[in-house]
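So this one's entry-v8.cif, mmCIF, C-alpha atoms:
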data_data
loop_
_atom_site.label_atom_id
_atom_site.label_comp_id
_atom_site.auth_asym_id
_atom_site.auth_seq_id
_atom_site.Cartn_x
_atom_site.Cartn_y
_atom_site.Cartn_z
CA MET A 30 5.56 -5.51 7.53
CA ALA A 31 7.37 -3.20 5.18
CA ALA A 32 9.13 -1.21 7.90
CA ALA A 33 10.61 -4.23 9.67
CA GLU A 34 12.53 -5.07 6.54
CA GLY A 35 13.71 -1.54 5.98
CA ASP A 36 16.80 0.01 7.49
CA SER A 37 18.25 3.39 6.62
CA GLY A 38 21.71 1.85 6.66
CA ASN A 39 20.87 -1.39 4.87
CA THR A 40 22.04 -0.67 1.34
CA SER A 41 21.50 -4.27 0.19
CA ILE A 42 17.76 -3.93 0.80
CA LYS A 43 17.74 -0.38 -0.56
CA ARG A 44 19.35 -1.23 -3.88
CA ALA A 45 18.05 -4.77 -4.40
CA ALA A 46 14.30 -4.45 -4.00
CA ALA A 47 12.27 -1.90 -2.11
CA LEU A 48 9.95 1.07 -2.27
CA PRO A 49 11.31 4.06 -0.34
CA GLY A 50 8.89 5.40 2.26
CA GLU A 51 8.38 7.92 5.03
CA CYS A 52 6.33 7.85 8.23
CA TYR A 53 4.28 10.84 9.39
CA ARG A 54 2.59 11.49 12.74
CA LEU A 55 -1.14 12.13 12.37
CA LYS A 56 -2.65 15.00 14.31
CA GLU A 57 -4.60 14.02 17.40
CA GLY A 58 -8.37 13.95 17.32
CA SER A 59 -11.15 11.55 16.47
CA PRO A 60 -10.32 8.93 13.80
CA LYS A 61 -12.18 10.97 11.18
CA GLU A 62 -10.39 14.17 12.18
CA SER A 63 -6.98 12.49 12.20
CA LEU A 64 -7.52 10.78 8.86
CA ALA A 65 -9.02 13.80 7.07
CA VAL A 66 -5.55 14.61 5.74
CA VAL A 67 -5.65 11.36 3.74
CA LYS A 68 -8.66 12.52 1.77
CA GLU A 69 -7.08 15.95 1.22
CA PHE A 70 -3.92 14.24 -0.03
CA VAL A 71 -5.79 11.91 -2.42
CA ASP A 72 -8.18 14.61 -3.69
CA ALA A 73 -5.14 16.78 -4.51
CA GLY A 74 -3.71 14.06 -6.77
CA TRP A 75 -1.46 12.53 -4.11
CA ASP A 76 0.24 15.87 -3.56
CA ALA A 77 2.91 15.42 -0.88
CA GLY A 78 2.54 19.10 -0.03
CA LYS A 79 -0.68 18.20 1.79
CA LEU A 80 1.42 16.25 4.30
CA GLU A 81 3.85 19.06 5.12
CA SER A 82 1.90 20.07 8.22
CA LEU A 83 2.58 16.66 9.79
CA SER A 84 5.73 15.84 11.73
CA LYS A 85 7.87 13.22 10.03
CA SER A 86 10.33 10.55 11.12
CA ASP A 87 13.98 11.21 10.29
CA CYS A 88 14.40 7.60 9.19
CA LEU A 89 13.76 6.64 5.58
CA LEU A 90 11.92 3.33 5.22
CA TYR A 91 12.37 0.65 2.57
CA GLY A 92 9.38 -1.62 1.93
CA THR A 93 9.85 -5.00 0.29
CA SER A 94 6.33 -6.24 1.15
CA PHE A 95 3.35 -4.64 2.87
CA TYR A 96 2.15 -6.77 5.74
CA LEU A 97 1.50 -6.25 9.45
CA PRO A 98 -0.70 -8.71 11.38
CA LEU A 99 -3.67 -7.20 13.20
CA CYS A 100 -2.42 -5.80 16.49
CA SER A 101 -2.78 -2.96 19.00
CA SER A 102 -2.22 0.50 17.53
CA SER A 103 0.18 1.20 20.37
CA VAL A 104 2.87 -0.84 18.63
CA VAL A 105 2.32 0.48 15.10
CA PRO A 106 4.47 3.67 15.29
CA SER A 107 7.54 1.74 16.43
CA CYS A 108 7.03 -0.72 13.57
CA PHE A 109 7.72 2.20 11.24
CA MET A 110 10.57 3.67 13.28
CA MET A 111 8.44 6.58 14.52
CA ASN A 112 9.95 6.86 17.98
CA ASP A 113 9.22 10.52 18.72
CA GLY A 114 7.59 9.87 22.10
CA GLN A 115 4.35 11.52 20.96
CA SER A 116 0.86 10.06 20.98
CA GLY A 117 -1.39 9.74 17.97
CA GLY A 118 -1.62 7.62 14.87
CA VAL A 119 0.67 7.39 11.86
CA LEU A 120 0.53 7.72 8.09
CA VAL A 121 3.10 5.78 6.05
CA LEU A 122 3.69 6.59 2.39
CA TYR A 123 5.85 4.50 0.07
CA LYS A 124 6.48 5.64 -3.48
CA GLY A 125 8.75 4.61 -6.30
CA VAL A 126 8.85 2.74 -9.58
CA VAL A 127 8.32 -0.98 -10.11
CA GLU A 128 9.09 -3.15 -13.09
CA ALA A 129 6.59 -5.78 -14.21
CA PRO A 130 8.10 -9.31 -14.22
CA VAL A 131 5.50 -10.62 -16.68
CA SER A 132 2.78 -9.30 -18.94
CA GLY A 133 -0.76 -9.79 -17.68
CA ARG A 134 -3.88 -8.47 -16.03
CA PHE A 135 -3.77 -8.05 -12.25
CA ARG A 136 -5.59 -6.56 -9.31
CA PHE A 137 -4.54 -5.88 -5.73
CA VAL A 138 -6.42 -7.46 -2.84
CA GLY A 139 -5.85 -5.82 0.52
CA MET A 140 -7.12 -4.42 3.79
CA GLY A 141 -5.87 -1.96 6.35
CA ASP A 142 -6.94 -0.90 9.81
CA ASP A 143 -7.64 1.95 9.37
CA MET A 144 -6.77 2.51 5.67
CA LEU A 145 -4.70 0.99 2.86
CA LEU A 146 -4.58 2.71 -0.55
CA VAL A 147 -2.55 1.86 -3.65
CA ARG A 148 -1.88 4.10 -6.63
CA PHE A 149 -0.44 2.34 -9.66
CA GLY A 150 0.44 4.05 -12.92
CA GLU A 151 -1.15 7.33 -11.72
CA LYS A 152 -4.46 5.60 -10.98
CA LEU A 153 -6.00 4.76 -7.61
CA VAL A 154 -6.44 0.99 -7.98
CA LEU A 155 -7.12 -0.05 -4.38
CA LYS A 156 -9.23 1.70 -1.74
CA SER A 157 -9.48 -0.50 1.33
CA GLY A 158 -9.81 -0.21 5.05
CA THR A 159 -12.05 -0.29 8.07
CA MET A 160 -12.40 3.46 7.43
CA GLN A 161 -13.40 4.54 3.90
CA LEU A 162 -12.38 7.69 2.03
CA ASP A 163 -16.07 8.52 1.53
CA GLU A 164 -16.55 8.61 5.30
CA LEU A 165 -13.85 11.20 5.99
CA GLY A 166 -14.78 14.77 6.62
CA ALA A 167 -18.39 13.94 7.48
CA THR A 168 -19.66 14.92 10.92
CA GLU A 169 -22.90 12.94 10.70
CA PRO A 170 -23.20 9.13 10.64
CA ARG A 171 -22.49 7.32 7.37
CA SER A 172 -25.39 7.71 4.93
CA LYS A 173 -27.42 4.81 3.59
CA LYS A 174 -25.99 5.56 0.16
CA THR A 175 -22.42 5.24 1.43
CA ALA A 176 -23.29 2.10 3.38
CA SER A 177 -24.93 0.58 0.30
CA ARG A 178 -21.89 1.39 -1.83
CA ARG A 179 -19.67 -0.26 0.76
CA GLN A 180 -21.78 -3.41 0.71
CA LYS A 181 -21.38 -3.63 -3.07
CA GLU A 182 -17.59 -3.57 -2.88
CA GLU A 183 -16.10 -6.82 -4.06
CA LYS A 184 -14.54 -8.80 -1.23
CA VAL A 185 -12.23 -11.80 -1.19
CA ARG A 186 -12.21 -14.04 1.87
CA VAL A 187 -8.66 -15.24 2.48
CA PRO A 188 -7.32 -17.92 4.84
CA GLY A 189 -6.05 -16.58 8.15
CA ALA A 190 -7.92 -13.26 8.09
CA GLU A 191 -10.56 -14.28 10.62
CA THR A 192 -11.38 -10.78 11.86
CA TRP A 193 -11.53 -9.10 8.45
CA ASN A 194 -13.39 -12.05 6.93
CA SER A 195 -16.07 -11.91 9.62
CA GLU A 196 -16.32 -8.14 10.22
CA CYS A 197 -15.61 -6.79 6.73
CA GLY A 198 -16.64 -9.70 4.51
CA GLY A 199 -13.03 -10.26 3.48
CA LEU A 200 -10.26 -8.17 1.96
CA SER A 201 -11.14 -5.53 -0.64
CA ALA A 202 -10.57 -6.31 -4.32
CA GLY A 203 -9.09 -3.45 -6.31
CA GLU A 204 -9.53 -2.24 -9.87
CA PRO A 205 -7.99 -4.48 -12.57
CA PHE A 206 -5.00 -3.16 -14.51
CA HIS A 207 -2.73 -4.46 -17.27
CA VAL A 208 1.06 -4.47 -17.30
CA GLU A 209 3.69 -5.43 -19.87
CA LYS A 210 6.86 -7.31 -18.98
CA GLY A 211 9.86 -5.04 -18.61
CA ARG A 212 7.87 -1.81 -18.44
CA THR A 213 8.05 0.37 -15.38
CA TYR A 214 5.14 1.90 -13.45
CA GLU A 215 4.96 4.50 -10.73
CA MET A 216 3.56 3.00 -7.54
CA GLN A 217 2.53 4.47 -4.19
CA VAL A 218 1.28 2.62 -1.12
CA LEU A 219 -0.39 4.55 1.72
CA TYR A 220 -1.20 3.05 5.11
CA ALA A 221 -2.81 5.03 7.92
CA ASP A 222 -3.75 4.07 11.48
CA ALA A 223 -5.56 6.46 13.83
CA GLY A 224 -5.78 4.25 16.91
CA GLY A 225 -7.50 1.20 18.34
CA LYS A 226 -6.22 -1.65 16.23
CA GLY A 227 -3.67 -1.56 13.45
CA GLY A 228 -2.54 -3.85 10.67
CA PHE A 229 -2.55 -4.21 6.90
CA CYS A 230 -1.91 -6.71 4.14
CA LEU A 231 -1.37 -6.26 0.40
CA LEU A 232 -1.97 -9.32 -1.78
CA MET A 233 -2.34 -9.71 -5.54
CA GLN A 234 -4.37 -11.73 -8.04
CA ARG A 235 -3.46 -12.45 -11.64
CA LEU A 236 -6.77 -12.25 -13.49
CA ASP A 237 -5.79 -13.77 -16.82
CA GLN A 238 -5.09 -17.08 -15.09
CA LYS A 239 -8.13 -17.33 -12.80
CA PRO A 240 -11.73 -16.20 -13.26
CA LEU A 241 -12.61 -12.75 -11.90
CA LYS A 242 -15.11 -13.52 -9.15
CA VAL A 243 -15.56 -13.45 -5.39
CA VAL A 244 -13.90 -16.52 -3.96
CA ASP A 245 -13.51 -18.18 -0.59
CA VAL A 246 -9.88 -19.15 -0.97
CA GLU A 247 -8.78 -22.49 0.43
CA ASP A 248 -5.46 -22.78 2.25
CA GLU A 249 -3.84 -24.50 -0.71
CA ASP A 250 -5.07 -21.72 -2.99
CA ALA A 251 -3.82 -18.68 -1.06
CA LEU A 252 -3.12 -15.51 -3.02
CA ASP A 253 0.25 -14.04 -3.93
CA ILE A 254 1.64 -11.46 -1.59
CA PHE A 255 2.89 -8.41 -3.46
CA ARG A 256 6.64 -8.41 -2.94
CA LEU A 257 9.78 -6.79 -4.28
CA GLY A 258 12.64 -9.27 -4.24
CA SER A 259 12.75 -12.73 -2.71
CA ARG A 260 12.03 -11.83 0.93
CA LEU A 261 8.72 -12.84 2.50
CA PRO A 262 7.12 -11.71 5.79
CA ASP A 263 8.56 -13.74 8.68
CA LYS A 264 5.87 -15.23 10.91
CA GLN A 265 8.24 -15.98 13.78
CA MET A 266 9.65 -12.46 13.76
CA PHE A 267 6.16 -10.97 13.99
CA SER A 268 5.15 -13.41 16.72
CA ASN A 269 8.16 -12.44 18.84
CA MET A 270 7.61 -8.72 18.24
CA LEU A 271 3.85 -8.65 18.91
CA ARG A 272 3.52 -11.28 21.67
CA ARG A 273 3.33 -8.84 24.57
CA TYR A 274 0.71 -6.74 22.79
CA MET A 275 -1.62 -9.65 21.99
CA GLN A 276 -2.81 -10.10 25.60
CA GLY A 277 -2.75 -13.86 25.28
CA GLN A 278 -4.69 -13.88 21.99
CA PRO A 279 -3.27 -15.85 19.06
CA MET A 280 -1.79 -13.79 16.24
CA GLU A 281 -3.86 -13.84 13.04
CA TRP A 282 -1.59 -14.82 10.15
CA ILE A 283 -2.97 -14.28 6.66
CA LEU A 284 -1.70 -17.05 4.40
CA PHE A 285 -0.01 -16.28 1.10
CA ARG A 286 1.75 -18.30 -1.57
CA GLU A 287 5.39 -19.01 -0.81
CA ASP A 288 6.13 -18.84 -4.55
CA SER A 289 4.52 -15.43 -4.99
CA LEU A 290 5.55 -13.58 -8.13
CA ILE A 291 8.56 -11.33 -7.62
CA TRP A 292 8.26 -7.75 -8.85
CA HIS A 293 11.28 -5.49 -9.18
CA SER A 294 12.02 -2.04 -7.81
CA ARG A 295 13.70 0.49 -10.07
CA LEU A 296 15.14 3.11 -7.75
CA ASP A 297 17.13 4.61 -10.61
CA ALA A 298 13.93 5.05 -12.63
CA ALA A 299 12.08 6.28 -9.56
CA ASP A 300 14.59 9.05 -8.99
CA SER A 301 14.32 10.38 -12.54
CA VAL A 302 10.57 9.92 -12.94
CA LEU A 303 9.61 11.41 -9.60
CA GLU A 304 12.05 14.31 -10.05
CA GLU A 305 10.59 15.04 -13.48
CA LYS A 306 7.07 14.89 -12.06
CA ALA A 307 8.01 17.30 -9.25
CA GLN A 308 9.50 19.74 -11.76
CA THR A 309 6.37 19.51 -13.92
CA ASP A 310 4.13 20.19 -10.92
CA ALA A 311 6.30 23.17 -9.93
CA ARG A 312 6.06 24.64 -13.44
CA LYS A 313 2.28 24.27 -13.41
CA LYS A 314 1.98 26.02 -10.07
CA GLY A 315 4.32 28.81 -11.16
CA GLY A 316 2.72 29.21 -14.56
CA ALA A 317 6.04 28.70 -16.34
CA PRO A 318 5.90 27.27 -19.88
CA ARG A 319 6.50 23.58 -20.18
CA LYS A 320 9.64 22.49 -21.94
CA LYS A 321 9.39 20.03 -24.77
CA LYS A 322 10.45 16.59 -23.60
CA LYS A 323 13.00 14.68 -25.60
CA LYS A 324 11.09 11.49 -25.00
CA ASP A 325 7.85 10.61 -23.26
CA LYS A 326 8.88 8.95 -20.05
CA LYS A 327 5.49 8.39 -18.56
CA LEU A 328 5.52 5.19 -16.65
CA ARG A 329 3.13 3.41 -18.96
CA GLY A 330 5.55 3.91 -21.79
CA SER A 331 8.97 3.51 -20.21
CA ARG A 332 10.63 0.26 -21.06
CA LYS A 333 13.61 -1.59 -19.66
CA ARG A 334 16.64 -1.36 -21.85
#
Rewritten as structure tokens:
Amino acid sequence: MAAAEGDSGNTSIKRAAALPGECYRLKEGSPKESLAVVKEFVDAGWDAGKLESLSKSDCLLYGTSFYLPLCSSSVVPSCFMMNDGQSGGVLVLYKGVVEAPVSGRFRFVGMGDDMLLVRFGEKLVLKSGTMQLDELGATEPRSKKTASRRQKEEKVRVPGAETWNSECGGLSAGEPFHVEKGRTYEMQVLYADAGGKGGFCLLMQRLDQKPLKVVDVEDEDALDIFRLGSRLPDKQMFSNMLRRYMQGQPMEWILFREDSLIWHSRLDAADSVLEEKAQTDARKKGGAPRKKKKKDKKLRGSRKR
């Protein structure tokens, strides 16, 4: 779980490896009504202004991995330090800049209850969840077209994900993307839970080392977990934290490689890139002329010095 490893006073985590994040309280209503803000946010180009109507935790989060075993939604807000005493689901948004440790072709593999989305290099590369973006905002049941599209989504069955393997056909495979070693890329991770059950997991496949196909992964061939720094999710910590919410049921633990590739967070780059992006957006809204940049610092072209 990203939030469990984040602490507003833990500067070692903050500076070493993490994506900064914030937790918002979703408005009460049906799952579709509560999650409608996610579609508005995504359709607006991941415009944080669409989240301003939601109350927000005062605590800044730092995510080093993105993992929370399937559990009751009642415990999810506290996992992200949203202790406002209110009812309702939560939306968690992490954003920053990551540095590629190697050159290669990758894709994310993940699932969230209700939703897990990843934007990488200004492109939505993973849409996953028990609730789909296409389903939000509709008052009638899901159409056959939407259901058919969902069935065609590529799924990866992973060891330990019994519920998602059986009910969803596995975790969702995202769009492939290419990175170059040492270059930095803007990254955002959005998780939303509107009640019932909660949980999410973000894994990764390197496609230039294994064939791109649907696989039933064996235990000894578990996928990498996407991580920033050397820390890995702690099974015992989760077991202790979630035991009283499991009602005697065993905790599902999705397996991942212990030697998962380590990506790097660039908080210094994130500050400058995100500030520049905010200024650009403000100029566009105000109609002010754009200033000529000294150097193109788009994430696809920024390189470690």
For Gly74 in chain A, please output as an mmCIF file with C-alpha atoms, in the coordinates of the input all residues within 9 Å (counting all atoms listed in the file; exclusion window: fewer than 4 positions along the same chain).
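This is the output file result_13.cif:
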data_model
loop_
_atom_site.group_PDB
_atom_site.id
_atom_site.type_symbol
_atom_site.label_atom_id
_atom_site.label_comp_id
_atom_site.auth_asym_id
_atom_site.auth_seq_id
_atom_site.Cartn_x
_atom_site.Cartn_y
_atom_site.Cartn_z
ATOM 1 C CA GLU A 69 -7.080 15.950 1.220
ATOM 2 C CA PHE A 70 -3.920 14.240 -0.030
ATOM 3 C CA GLU A 151 -1.150 7.330 -11.720
#
For this session: One decimal, Å: what's the distance from CA of Lys61 in chain A over to CA of Lys152 in chain A, could you say?
Result: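 Pair CA of Lys61 in chain A / CA of Lys152 in chain A returns 24.1 Å.
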For this session: Quick one: apply the PyMOL selection byres ((chain A and resi 111) around 12) to the file and drop the selected residues here as an MDAnalysis selection string.
Result: chainID A and resid 32 51:55 84:90 103:110 112:121
Problem set entry | Interatomic distance, CA of Pro60 in chain A to CA of Val147 in chain A (Å, one decimal) | 20.4 Å
For this session: Convert the output of the PyMOL selection byres ((chain A and resi 135-141) around 8) on the shown file into explicit residues, formatted as a PyMOL selection string.
Result: chain A and resi 133-134+142-145+154-155+157-159+185+193+200-208+220-221+227-237
Exercise. Taking into account only C-alpha atoms, which residue in the set A:Gln217, A:Gln276, A:Ser102, A:Ser195 is nearest to Leu146 in chain A?
Worked result: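 For Leu146 in chain A, the nearest of the given residues is A:Gln217.
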Problem set entry | Explicit residues for the PyMOL selection byres ((chain A and resi 261-271) around 8) (as a list in words) |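 Applied to this file, the PyMOL selection byres ((chain A and resi 261-271) around 8) selects Met30, Ser94, Tyr96, Pro98, Cys100, Val104, Arg256, Ser259, Arg260, Arg272, Arg273, Tyr274, Met275, Met280, Trp282 and Glu287 of chain A.
Between CA of Glu209 in chain A and CA of Val131 in chain A there is a distance of 6.4 Å.
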Exercise. For Lys156 in chain A, which residue among A:Gly92, A:Ser82, A:Tyr214, A:Val67 is the nearest when counting only C-alpha atoms?
Worked result: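 Of A:Gly92, A:Ser82, A:Tyr214, A:Val67, the one nearest Lys156 in chain A, counting only C-alpha atoms, is A:Val67.
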